[in-house]
$ cat protein_35.csv   # CSV, C-alpha atoms
chain,number,residue,atom,x,y,z
A,1,MET,CA,19.6,19.2,-13.3
A,2,PHE,CA,22.1,17.4,-15.4
A,3,THR,CA,23.1,13.8,-15.2
A,4,PHE,CA,26.7,12.9,-15.9
A,5,GLY,CA,25.6,9.7,-17.4
A,6,MET,CA,24.0,8.0,-14.4
A,7,LEU,CA,20.8,6.0,-15.0
A,8,ASP,CA,18.7,8.1,-12.7
A,9,GLY,CA,15.6,8.5,-14.7
A,10,VAL,CA,14.7,4.9,-15.4
A,11,LEU,CA,11.2,4.9,-16.7
A,12,PHE,CA,10.5,1.2,-17.2
A,13,HIS,CA,12.3,-2.1,-17.8
A,14,LEU,CA,12.4,-4.0,-21.1
A,15,GLY,CA,13.3,-7.4,-19.8
A,16,PRO,CA,16.6,-6.9,-17.9
A,17,ILE,CA,17.4,-3.6,-19.7
A,18,PRO,CA,16.5,-0.4,-18.0
A,19,VAL,CA,15.0,2.2,-20.3
A,20,ASP,CA,15.6,5.7,-19.2
A,21,HIS,CA,14.6,9.1,-20.5
A,22,ILE,CA,17.5,9.5,-22.9
A,23,VAL,CA,16.5,6.4,-24.8
A,24,VAL,CA,12.9,7.6,-25.0
A,25,THR,CA,14.1,11.0,-26.4
A,26,GLN,CA,16.1,9.1,-29.0
A,27,TRP,CA,13.1,7.1,-30.0
A,28,ALA,CA,11.2,10.3,-30.5
A,29,ILE,CA,14.0,11.7,-32.7
A,30,ILE,CA,14.1,8.5,-34.7
A,31,ALA,CA,10.3,8.6,-35.1
A,32,LEU,CA,10.5,12.2,-36.2
A,33,ILE,CA,13.2,11.6,-38.9
A,34,GLY,CA,11.3,8.5,-40.0
A,35,ILE,CA,8.0,10.3,-40.4
A,36,VAL,CA,9.5,13.2,-42.3
A,37,ALA,CA,11.4,10.7,-44.6
A,38,PHE,CA,8.2,8.7,-45.1
A,39,MET,CA,6.2,11.9,-46.0
A,40,ALA,CA,8.9,12.8,-48.5
A,41,THR,CA,8.9,9.5,-50.3
A,42,ARG,CA,5.2,8.5,-50.0
A,43,ASN,CA,4.2,9.9,-53.3
A,44,MET,CA,7.4,9.9,-55.5
A,45,GLN,CA,7.3,11.5,-58.9
A,46,MET,CA,9.7,11.7,-61.8
A,47,VAL,CA,9.9,15.5,-61.5
A,48,PRO,CA,10.3,16.0,-57.8
A,49,ARG,CA,8.9,19.0,-55.9
A,50,GLY,CA,8.5,20.1,-52.3
A,51,LEU,CA,9.9,17.8,-49.7
A,52,GLN,CA,11.0,15.1,-52.2
A,53,ASN,CA,13.1,17.8,-54.0
A,54,ALA,CA,14.8,18.8,-50.8
A,55,PHE,CA,15.7,15.2,-49.9
A,56,GLU,CA,17.0,14.4,-53.4
A,57,ALA,CA,19.2,17.5,-53.3
A,58,LEU,CA,20.5,16.4,-49.9
A,59,ILE,CA,21.3,12.9,-51.1
A,60,VAL,CA,23.1,14.1,-54.3
A,61,TRP,CA,25.0,16.6,-52.3
A,62,THR,CA,26.2,14.0,-49.7
A,63,TYR,CA,27.2,11.5,-52.4
A,64,ASP,CA,29.3,14.2,-54.2
A,65,PHE,CA,30.8,15.4,-51.0
A,66,PHE,CA,31.9,12.0,-49.7
A,67,THR,CA,33.2,11.0,-53.2
A,68,GLN,CA,35.4,14.1,-53.2
A,69,LEU,CA,36.5,13.4,-49.6
A,70,MET,CA,37.2,9.7,-49.8
A,71,ASP,CA,38.7,9.5,-53.4
A,72,LYS,CA,37.2,6.1,-54.1
A,73,GLU,CA,33.7,6.2,-55.5
A,74,HIS,CA,32.5,2.7,-54.5
A,75,ILE,CA,33.6,3.3,-50.9
A,76,ALA,CA,31.8,6.6,-50.8
A,77,LYS,CA,28.6,5.0,-52.2
A,78,LYS,CA,28.9,2.1,-49.7
A,79,TYR,CA,29.3,4.3,-46.6
A,80,ALA,CA,27.4,7.4,-47.5
A,81,PRO,CA,24.0,6.1,-46.0
A,82,LEU,CA,25.7,5.4,-42.7
A,83,LEU,CA,27.4,8.8,-42.6
A,84,SER,CA,24.3,10.7,-43.6
A,85,THR,CA,22.4,8.9,-40.9
A,86,PHE,CA,25.0,10.0,-38.4
A,87,PHE,CA,24.6,13.6,-39.6
A,88,LEU,CA,20.8,13.6,-39.5
A,89,PHE,CA,20.6,12.0,-36.1
A,90,ILE,CA,23.2,14.2,-34.5
A,91,ILE,CA,21.9,17.4,-35.9
A,92,VAL,CA,18.3,16.7,-34.8
A,93,SER,CA,19.5,15.5,-31.4
A,94,ASN,CA,21.5,18.7,-31.0
A,95,TYR,CA,18.6,20.9,-32.1
A,96,SER,CA,16.3,19.2,-29.7
A,97,GLY,CA,18.1,21.1,-27.0
A,98,LEU,CA,16.7,24.3,-28.3
A,99,ILE,CA,13.1,23.3,-27.8
A,100,PRO,CA,11.7,25.3,-24.8
A,101,GLY,CA,11.9,23.2,-21.7
A,102,ALA,CA,15.0,21.2,-22.6
A,103,GLY,CA,17.2,20.9,-19.5
A,104,GLN,CA,14.4,22.4,-17.3
A,105,ILE,CA,11.9,19.7,-17.5
A,106,PRO,CA,13.3,16.8,-15.4
A,107,GLY,CA,14.5,14.0,-17.7
A,108,TYR,CA,14.4,15.9,-20.9
A,109,GLN,CA,17.7,17.0,-22.4
A,110,PRO,CA,19.3,16.5,-25.8
A,111,PRO,CA,20.5,12.9,-26.1
A,112,THR,CA,24.0,14.0,-27.3
A,113,ALA,CA,24.5,15.8,-24.0
A,114,ASN,CA,24.8,12.4,-22.3
A,115,TRP,CA,28.0,10.4,-22.8
A,116,ASN,CA,26.2,7.1,-23.3
A,117,THR,CA,24.8,8.2,-26.6
A,118,THR,CA,28.0,9.7,-28.0
A,119,LEU,CA,30.0,6.7,-26.9
A,120,ALA,CA,27.6,4.4,-28.8
A,121,LEU,CA,28.0,6.5,-31.9
A,122,ALA,CA,31.8,6.6,-31.6
A,123,LEU,CA,31.8,2.8,-31.1
A,124,ILE,CA,29.8,2.3,-34.3
A,125,THR,CA,32.4,4.4,-36.2
A,126,ALA,CA,35.3,2.4,-34.7
A,127,PHE,CA,33.7,-0.9,-35.6
A,128,THR,CA,32.8,0.3,-39.1
A,129,VAL,CA,36.4,1.5,-39.7
A,130,GLN,CA,37.8,-2.0,-38.9
A,131,VAL,CA,35.2,-3.7,-41.0
A,132,ALA,CA,35.8,-1.4,-43.9
A,133,GLY,CA,39.5,-2.0,-43.8
A,134,PHE,CA,39.1,-5.8,-43.9
A,135,ALA,CA,36.4,-5.6,-46.5
A,136,GLU,CA,38.6,-3.5,-48.8
A,137,HIS,CA,42.0,-5.1,-48.3
A,138,GLY,CA,41.3,-8.5,-46.8
A,139,LEU,CA,44.1,-9.8,-44.6
A,140,HIS,CA,46.5,-7.2,-46.0
A,141,TYR,CA,44.8,-4.7,-43.8
A,142,LEU,CA,46.7,-6.2,-40.8
A,143,GLY,CA,49.9,-5.0,-42.5
A,144,HIS,CA,48.8,-1.4,-41.8
A,145,PHE,CA,49.3,-2.0,-38.1
A,146,VAL,CA,53.0,-2.8,-38.5
A,147,SER,CA,53.8,-0.1,-41.0
A,148,PRO,CA,56.3,1.6,-41.3
A,149,SER,CA,58.0,-0.9,-38.9
A,150,PRO,CA,56.8,-3.4,-36.3
A,151,LEU,CA,58.1,-1.1,-33.6
A,152,MET,CA,55.1,1.2,-34.4
A,153,LEU,CA,52.6,-1.5,-33.5
A,154,PRO,CA,51.7,-0.2,-30.0
A,155,LEU,CA,51.4,3.4,-31.3
A,156,ASN,CA,49.2,2.2,-34.2
A,157,LEU,CA,46.9,0.3,-31.9
A,158,LEU,CA,46.7,3.3,-29.6
A,159,GLU,CA,45.7,5.4,-32.5
A,160,GLU,CA,42.8,3.1,-33.3
A,161,ILE,CA,41.6,3.6,-29.7
A,162,ALA,CA,42.3,7.4,-29.6
A,163,HIS,CA,40.3,8.2,-32.7
A,164,PRO,CA,36.9,7.0,-31.4
A,165,LEU,CA,37.7,8.3,-27.9
A,166,SER,CA,38.3,11.8,-29.3
A,167,LEU,CA,35.1,11.6,-31.4
A,168,PHE,CA,33.1,10.6,-28.3
A,169,LEU,CA,34.5,13.3,-26.0
A,170,ARG,CA,34.3,16.0,-28.6
A,171,LEU,CA,30.6,15.6,-29.3
A,172,PHE,CA,29.7,15.0,-25.7
A,173,GLY,CA,31.8,17.8,-24.3
A,174,ASN,CA,30.6,20.4,-26.8
A,175,ILE,CA,26.8,19.7,-26.3
A,176,PHE,CA,27.1,19.1,-22.6
A,177,GLY,CA,29.3,22.2,-22.0
A,178,GLU,CA,27.0,24.4,-24.1
A,179,GLU,CA,23.9,23.2,-22.2
A,180,MET,CA,25.7,23.7,-18.9
A,181,ILE,CA,26.8,27.3,-19.8
A,182,LEU,CA,23.3,28.0,-20.9
A,183,ALA,CA,22.0,26.9,-17.5
A,184,PHE,CA,24.5,29.2,-15.7
A,185,MET,CA,23.4,32.1,-18.0
A,186,LEU,CA,19.8,31.4,-17.2
A,187,PHE,CA,20.6,31.5,-13.5
A,188,LEU,CA,22.6,34.7,-13.7
A,189,ALA,CA,20.5,36.7,-16.2
A,190,PRO,CA,17.1,35.1,-17.0
A,191,PHE,CA,16.0,37.5,-19.7
A,192,PHE,CA,17.4,38.2,-23.2
A,193,VAL,CA,21.0,37.3,-22.5
A,194,PRO,CA,20.7,33.5,-23.0
A,195,SER,CA,19.0,34.1,-26.4
A,196,LEU,CA,22.3,35.4,-27.7
A,197,LEU,CA,24.1,32.3,-26.6
A,198,MET,CA,21.3,30.1,-28.1
A,199,GLY,CA,21.8,31.9,-31.4
A,200,LEU,CA,25.5,30.8,-31.3
A,201,SER,CA,24.5,27.3,-30.3
A,202,VAL,CA,22.4,26.9,-33.5
A,203,LEU,CA,25.6,27.3,-35.4
A,204,LEU,CA,27.7,25.2,-33.1
A,205,ALA,CA,25.2,22.3,-33.1
A,206,ALA,CA,25.4,22.1,-36.9
A,207,ILE,CA,29.2,22.4,-37.0
A,208,GLN,CA,29.5,19.5,-34.5
A,209,ALA,CA,27.3,17.3,-36.6
A,210,VAL,CA,29.3,18.1,-39.7
A,211,VAL,CA,32.6,17.5,-37.9
A,212,PHE,CA,31.6,14.2,-36.5
A,213,THR,CA,30.5,13.0,-40.0
A,214,ILE,CA,33.6,14.4,-41.8
A,215,LEU,CA,36.0,12.8,-39.3
A,216,SER,CA,34.2,9.4,-39.5
A,217,ALA,CA,34.5,9.6,-43.3
A,218,ASN,CA,38.2,10.5,-42.9
A,219,TYR,CA,38.9,7.5,-40.7
A,220,ILE,CA,37.0,5.1,-43.1
A,221,ALA,CA,39.0,6.6,-46.0
A,222,THR,CA,42.3,6.1,-44.2
A,223,ALA,CA,41.5,2.5,-43.4
A,224,THR,CA,40.4,1.8,-47.0
A,225,GLY,CA,43.1,3.9,-48.7
A,226,GLU,CA,46.2,2.7,-50.5
A,227,GLY,CA,48.6,4.4,-48.2
A,228,HIS,CA,50.1,1.3,-46.7
B,1,MET,CA,38.4,26.3,-2.2
B,2,GLY,CA,41.4,24.5,-3.7
B,3,ILE,CA,39.1,22.5,-6.0
B,4,ALA,CA,37.3,25.7,-7.2
B,5,ILE,CA,40.7,27.3,-8.1
B,6,GLY,CA,41.8,24.1,-9.8
B,7,ALA,CA,38.6,24.1,-12.0
B,8,GLY,CA,39.2,27.7,-13.0
B,9,ILE,CA,42.8,27.1,-13.8
B,10,ALA,CA,42.0,24.0,-15.9
B,11,VAL,CA,39.4,25.7,-18.1
B,12,SER,CA,41.5,28.9,-18.5
B,13,ILE,CA,44.7,27.3,-19.5
B,14,ALA,CA,42.9,25.0,-21.9
B,15,GLY,CA,41.1,28.0,-23.4
B,16,LEU,CA,44.4,29.9,-23.7
B,17,GLY,CA,46.1,27.2,-25.7
B,18,GLY,CA,43.2,26.5,-27.9
B,19,GLY,CA,42.7,30.2,-28.6
B,20,VAL,CA,46.3,30.8,-29.6
B,21,GLY,CA,46.2,27.7,-31.8
B,22,MET,CA,42.9,28.6,-33.5
B,23,GLY,CA,44.2,32.1,-34.1
B,24,ILE,CA,47.3,30.9,-35.9
B,25,ALA,CA,45.4,28.3,-37.9
B,26,GLY,CA,42.6,30.8,-38.9
B,27,GLY,CA,45.0,33.6,-39.8
B,28,LYS,CA,47.1,31.3,-42.0
B,29,ALA,CA,43.9,30.0,-43.7
B,30,PHE,CA,42.7,33.5,-44.5
B,31,GLU,CA,46.2,34.3,-45.9
B,32,ALA,CA,45.9,31.2,-48.1
B,33,ILE,CA,42.4,32.1,-49.3
B,34,ALA,CA,43.4,35.8,-50.0
B,35,ARG,CA,46.4,34.6,-52.1
B,36,GLN,CA,44.4,31.9,-54.0
B,37,PRO,CA,40.7,32.5,-53.7
B,38,GLU,CA,39.8,29.6,-56.0
B,39,ILE,CA,40.9,27.0,-53.3
B,40,GLY,CA,38.6,28.6,-50.7
B,41,GLY,CA,36.3,25.6,-50.4
B,42,ASP,CA,39.1,23.1,-49.7
B,43,VAL,CA,40.8,25.4,-47.2
B,44,ARG,CA,37.5,25.9,-45.4
B,45,THR,CA,36.9,22.2,-45.0
B,46,LEU,CA,40.4,21.6,-43.7
B,47,LEU,CA,40.1,24.6,-41.4
B,48,PHE,CA,36.9,23.1,-39.8
B,49,ILE,CA,38.6,19.8,-39.3
B,50,THR,CA,41.7,21.5,-37.7
B,51,PHE,CA,39.4,23.6,-35.5
B,52,ALA,CA,37.6,20.4,-34.4
B,53,PHE,CA,41.0,18.9,-33.3
B,54,ILE,CA,42.1,22.0,-31.5
B,55,GLU,CA,38.8,22.4,-29.8
B,56,THR,CA,38.8,18.9,-28.5
B,57,LEU,CA,41.7,19.7,-26.3
B,58,THR,CA,39.9,22.8,-24.9
B,59,ILE,CA,36.8,20.6,-24.3
B,60,TYR,CA,39.0,18.2,-22.3
B,61,GLY,CA,39.9,21.1,-20.0
B,62,LEU,CA,36.2,22.1,-19.7
B,63,LEU,CA,35.1,18.5,-18.9
B,64,ILE,CA,37.8,18.3,-16.1
B,65,ALA,CA,36.5,21.6,-14.8
B,66,PHE,CA,32.9,20.3,-14.7
B,67,MET,CA,34.1,17.1,-12.9
B,68,LEU,CA,35.9,19.3,-10.3
B,69,VAL,CA,32.9,21.6,-9.8
B,70,GLY,CA,30.8,18.5,-9.2
B,71,LYS,CA,33.1,17.6,-6.3
B,72,ILE,CA,32.7,20.8,-4.4

$ encode --input "protein_35.csv" --output "structure tokens"
Amino acid sequence: MFTFGMLDGVLFHLGPIPVDHIVVTQWAIIALIGIVAFMATRNMQMVPRGLQNAFEALIVWTYDFFTQLMDKEHIAKKYAPLLSTFFLFIIVSNYSGLIPGAGQIPGYQPPTANWNTTLALALITAFTVQVAGFAEHGLHYLGHFVSPSPLMLPLNLLEEIAHPLSLFLRLFGNIFGEEMILAFMLFLAPFFVPSLLMGLSVLLAAIQAVVFTILSANYIATATGEGH
Amino acid sequence: MGIAIGAGIAVSIAGLGGGVGMGIAGGKAFEAIARQPEIGGDVRTLLFITFAFIETLTIYGLLIAFMLVGKI
């Protein structure tokens, strides 16, 4: 029922790259977010209402939130689009597991329940953190690896690997574990009981999206901060 | 048989540690908010981040348990 990350459901090949069902589900999610964003900005007005109002409120809220979290306003403005995209993509991916049929229809499951997707997201964060550090401090950023003393170099390098690794395993483990427990519940008690757990998973999916975004923002803030 | 017991022990010990840690962190956070309600927002954000860190360790146990169950 669940794949642990094997490419078992390859639908077709794009050149040498196999395209499986997870990728197609992600395309659907990207298309959904894109269409909603297009609908919101198609007919922009000075005094917003409806969908445009909701999106403007979201953008102002995220900018304020990241400015408060990261201390430096230009850094927050620079990386807020990336972090907001993480948030929107992860929350829509997580909620796609609540659509009836997810996990039951072969090949359809939330993309974040597969470790390939979350590993890709964590690698983007890891890459962005290093780029942000060099962009802000130039070559002085390298000094942060040997602070407070060169003896700490291996530990500092290990930390740079451990951060994305924990991001990747946290998101994957949460969504995969939740889907798995839901499947066991459906097997044990097919009526009414799983709905309680699904109510909890609505909350959990949102919290995981927020946590991934906050931690990414934190890592970028650490790399660009003045602490070293 | 041994693998099944191992999976059960992995998830239960991971859950035990995470539960104790979350209880202590949550209790202290509520104490802080009760003493100074105006810093509630900051404490809540920090609490969620702390919970995420603690929960990761529990999730490691859960993943190991799933891997072991897959081997039966």

$ closest_residue --input "protein_35.csv" --among "B:Pro37, B:Lys71, B:Phe66, B:Tyr60" --to "Ile13 in chain B" --atoms "only C-alpha atoms"
B:Tyr60

$ closest_residue --input "protein_35.csv" --among "A:Asp20, A:Glu178, A:Glu159, A:Glu226" --to "chain B" --atoms "all atoms listed in the file"
A:Glu178

$ interface_residues --input "protein_35.csv" --of "chain B" --to "chain A" --cutoff "7 Å" --atoms "only C-alpha atoms" --output "mmCIF file with C-alpha atoms, keeping the file's coordinate frame"
data_model
loop_
_atom_site.group_PDB
_atom_site.id
_atom_site.type_symbol
_atom_site.label_atom_id
_atom_site.label_comp_id
_atom_site.auth_asym_id
_atom_site.auth_seq_id
_atom_site.Cartn_x
_atom_site.Cartn_y
_atom_site.Cartn_z
ATOM 1 C CA ILE B 49 38.600 19.800 -39.300
ATOM 2 C CA ALA B 52 37.600 20.400 -34.400
ATOM 3 C CA THR B 56 38.800 18.900 -28.500
ATOM 4 C CA ILE B 59 36.800 20.600 -24.300
ATOM 5 C CA LEU B 63 35.100 18.500 -18.900
#

$ residues_around --input "protein_35.csv" --residues "Gly23 in chain B" --least-positions-apart "5" --cutoff "12 Å" --atoms "only C-alpha atoms" --output "PDB file with C-alpha atoms, in the frame of the given file"
ATOM      1  CA  GLY B  15      41.100  28.000 -23.400  1.00  0.00           C
ATOM      2  CA  LEU B  16      44.400  29.900 -23.700  1.00  0.00           C
ATOM      3  CA  GLY B  17      46.100  27.200 -25.700  1.00  0.00           C
ATOM      4  CA  GLY B  18      43.200  26.500 -27.900  1.00  0.00           C
ATOM      5  CA  LYS B  28      47.100  31.300 -42.000  1.00  0.00           C
ATOM      6  CA  ALA B  29      43.900  30.000 -43.700  1.00  0.00           C
ATOM      7  CA  PHE B  30      42.700  33.500 -44.500  1.00  0.00           C
ATOM      8  CA  LEU B  47      40.100  24.600 -41.400  1.00  0.00           C
ATOM      9  CA  THR B  50      41.700  21.500 -37.700  1.00  0.00           C
ATOM     10  CA  PHE B  51      39.400  23.600 -35.500  1.00  0.00           C
ATOM     11  CA  ILE B  54      42.100  22.000 -31.500  1.00  0.00           C
ATOM     12  CA  GLU B  55      38.800  22.400 -29.800  1.00  0.00           C
TER      13      GLU B  55
END

$ atom_distance --input "protein_35.csv" --atom1 "CA of Gly225 in chain A" --atom2 "CA of Leu142 in chain A"
13.3 Å

$ atom_distance --input "protein_35.csv" --atom1 "CA of Ser201 in chain A" --atom2 "CA of Phe65 in chain A"
24.7 Å

$ closest_residue --input "protein_35.csv" --among "B:Ile33, B:Ile72, B:Met67, B:Leu62" --to "Ala14 in chain B" --atoms "all atoms listed in the file"
B:Leu62

$ residues_around --input "protein_35.csv" --residues "Ala54 in chain A" --least-positions-apart "6" --cutoff "12 Å" --atoms "only C-alpha atoms" --output "PyMOL selection string"
chain A and resi 36-37+40-41+48+60-61

$ write_last_selection --input "protein_35.csv" --atoms "C-alpha atoms" --output "JSON list (two decimals), in the coordinates of the input"
[["chain", "number", "residue", "atom", "x", "y", "z"],
["A", 36, "VAL", "CA", 9.50, 13.20, -42.30],
["A", 37, "ALA", "CA", 11.40, 10.70, -44.60],
["A", 40, "ALA", "CA", 8.90, 12.80, -48.50],
["A", 41, "THR", "CA", 8.90, 9.50, -50.30],
["A", 48, "PRO", "CA", 10.30, 16.00, -57.80],
["A", 60, "VAL", "CA", 23.10, 14.10, -54.30],
["A", 61, "TRP", "CA", 25.00, 16.60, -52.30]]

$ atom_distance --input "protein_35.csv" --atom1 "CA of Ala122 in chain A" --atom2 "CA of Ala65 in chain B"
23.0 Å

$ closest_residue --input "protein_35.csv" --among "A:Gly34, A:Pro100, A:Gly50, A:Gly143" --to "Ser195 in chain A" --atoms "all atoms listed in the file"
A:Pro100

$ residues_around --input "protein_35.csv" --residues "Pro110 in chain A" --least-positions-apart "2" --cutoff "6 Å" --atoms "only C-alpha atoms" --output "PyMOL selection string"
chain A and resi 93+96-97+112-113

$ residues_near_point --input "protein_35.csv" --point "(40.0, 7.8, -43.0)" --cutoff "12 Å" --atoms "all atoms listed in the file" --output "JSON, numbers by chain"
{"A": [66, 69, 70, 71, 72, 75, 76, 79, 125, 126, 128, 129, 130, 132, 133, 160, 163, 213, 214, 215, 216, 217, 218, 219, 220, 221, 222, 223, 224, 225, 226, 227]}

$ closest_residue --input "protein_35.csv" --among "B:Gly19, B:Gly40, B:Gly26, B:Gly61" --to "Gly6 in chain B" --atoms "only C-alpha atoms"
B:Gly61

$ decode --input "protein_35.csv" --residues "range 17-69 of chain B" --atoms "C-alpha atoms" --output "PDB file, in the first residue's frame"
ATOM      1  CA  GLY B  17      11.319   9.923  26.395  1.00  0.00           C
ATOM      2  CA  GLY B  18       9.529  12.329  24.103  1.00  0.00           C
ATOM      3  CA  GLY B  19       6.462  12.390  26.337  1.00  0.00           C
ATOM      4  CA  VAL B  20       8.466  13.231  29.469  1.00  0.00           C
ATOM      5  CA  GLY B  21      10.405  15.933  27.632  1.00  0.00           C
ATOM      6  CA  MET B  22       7.297  17.514  26.125  1.00  0.00           C
ATOM      7  CA  GLY B  23       5.558  17.449  29.499  1.00  0.00           C
ATOM      8  CA  ILE B  24       8.399  19.310  31.199  1.00  0.00           C
ATOM      9  CA  ALA B  25       8.743  21.851  28.358  1.00  0.00           C
ATOM     10  CA  GLY B  26       4.979  22.457  28.123  1.00  0.00           C
ATOM     11  CA  GLY B  27       4.546  22.774  31.886  1.00  0.00           C
ATOM     12  CA  LYS B  28       7.352  25.319  32.186  1.00  0.00           C
ATOM     13  CA  ALA B  29       5.950  27.276  29.225  1.00  0.00           C
ATOM     14  CA  PHE B  30       2.512  27.473  30.877  1.00  0.00           C
ATOM     15  CA  GLU B  31       4.162  28.641  34.104  1.00  0.00           C
ATOM     16  CA  ALA B  32       5.969  31.359  32.157  1.00  0.00           C
ATOM     17  CA  ILE B  33       2.764  32.496  30.401  1.00  0.00           C
ATOM     18  CA  ALA B  34       0.820  32.487  33.682  1.00  0.00           C
ATOM     19  CA  ARG B  35       3.482  34.641  35.330  1.00  0.00           C
ATOM     20  CA  GLN B  36       3.845  37.073  32.409  1.00  0.00           C
ATOM     21  CA  PRO B  37       0.835  36.811  30.050  1.00  0.00           C
ATOM     22  CA  GLU B  38       2.150  39.579  27.764  1.00  0.00           C
ATOM     23  CA  ILE B  39       5.004  37.373  26.430  1.00  0.00           C
ATOM     24  CA  GLY B  40       2.574  34.585  25.521  1.00  0.00           C
ATOM     25  CA  GLY B  41       3.188  34.893  21.770  1.00  0.00           C
ATOM     26  CA  ASP B  42       6.969  34.581  22.001  1.00  0.00           C
ATOM     27  CA  VAL B  43       6.758  31.640  24.392  1.00  0.00           C
ATOM     28  CA  ARG B  44       4.298  29.883  22.097  1.00  0.00           C
ATOM     29  CA  THR B  45       6.595  30.174  19.071  1.00  0.00           C
ATOM     30  CA  LEU B  46       9.579  28.897  21.060  1.00  0.00           C
ATOM     31  CA  LEU B  47       7.460  26.092  22.496  1.00  0.00           C
ATOM     32  CA  PHE B  48       6.453  24.887  19.026  1.00  0.00           C
ATOM     33  CA  ILE B  49      10.081  24.871  17.879  1.00  0.00           C
ATOM     34  CA  THR B  50      11.109  22.943  21.008  1.00  0.00           C
ATOM     35  CA  PHE B  51       8.289  20.463  20.485  1.00  0.00           C
ATOM     36  CA  ALA B  52       9.449  19.955  16.898  1.00  0.00           C
ATOM     37  CA  PHE B  53      12.967  19.113  18.109  1.00  0.00           C
ATOM     38  CA  ILE B  54      11.721  16.692  20.775  1.00  0.00           C
ATOM     39  CA  GLU B  55       9.247  15.127  18.418  1.00  0.00           C
ATOM     40  CA  THR B  56      11.950  14.427  15.834  1.00  0.00           C
ATOM     41  CA  LEU B  57      13.612  12.003  18.251  1.00  0.00           C
ATOM     42  CA  THR B  58      10.315  10.198  18.788  1.00  0.00           C
ATOM     43  CA  ILE B  59       9.784  10.051  15.033  1.00  0.00           C
ATOM     44  CA  TYR B  60      13.209   8.409  14.638  1.00  0.00           C
ATOM     45  CA  GLY B  61      11.984   5.588  16.884  1.00  0.00           C
ATOM     46  CA  LEU B  62       8.755   5.322  14.896  1.00  0.00           C
ATOM     47  CA  LEU B  63      10.657   5.118  11.589  1.00  0.00           C
ATOM     48  CA  ILE B  64      12.942   2.386  12.954  1.00  0.00           C
ATOM     49  CA  ALA B  65       9.834   0.506  14.095  1.00  0.00           C
ATOM     50  CA  PHE B  66       8.306   0.778  10.608  1.00  0.00           C
ATOM     51  CA  MET B  67      11.555  -0.467   9.054  1.00  0.00           C
ATOM     52  CA  LEU B  68      11.590  -3.441  11.444  1.00  0.00           C
ATOM     53  CA  VAL B  69       7.906  -4.222  10.768  1.00  0.00           C
TER      54      VAL B  69
END
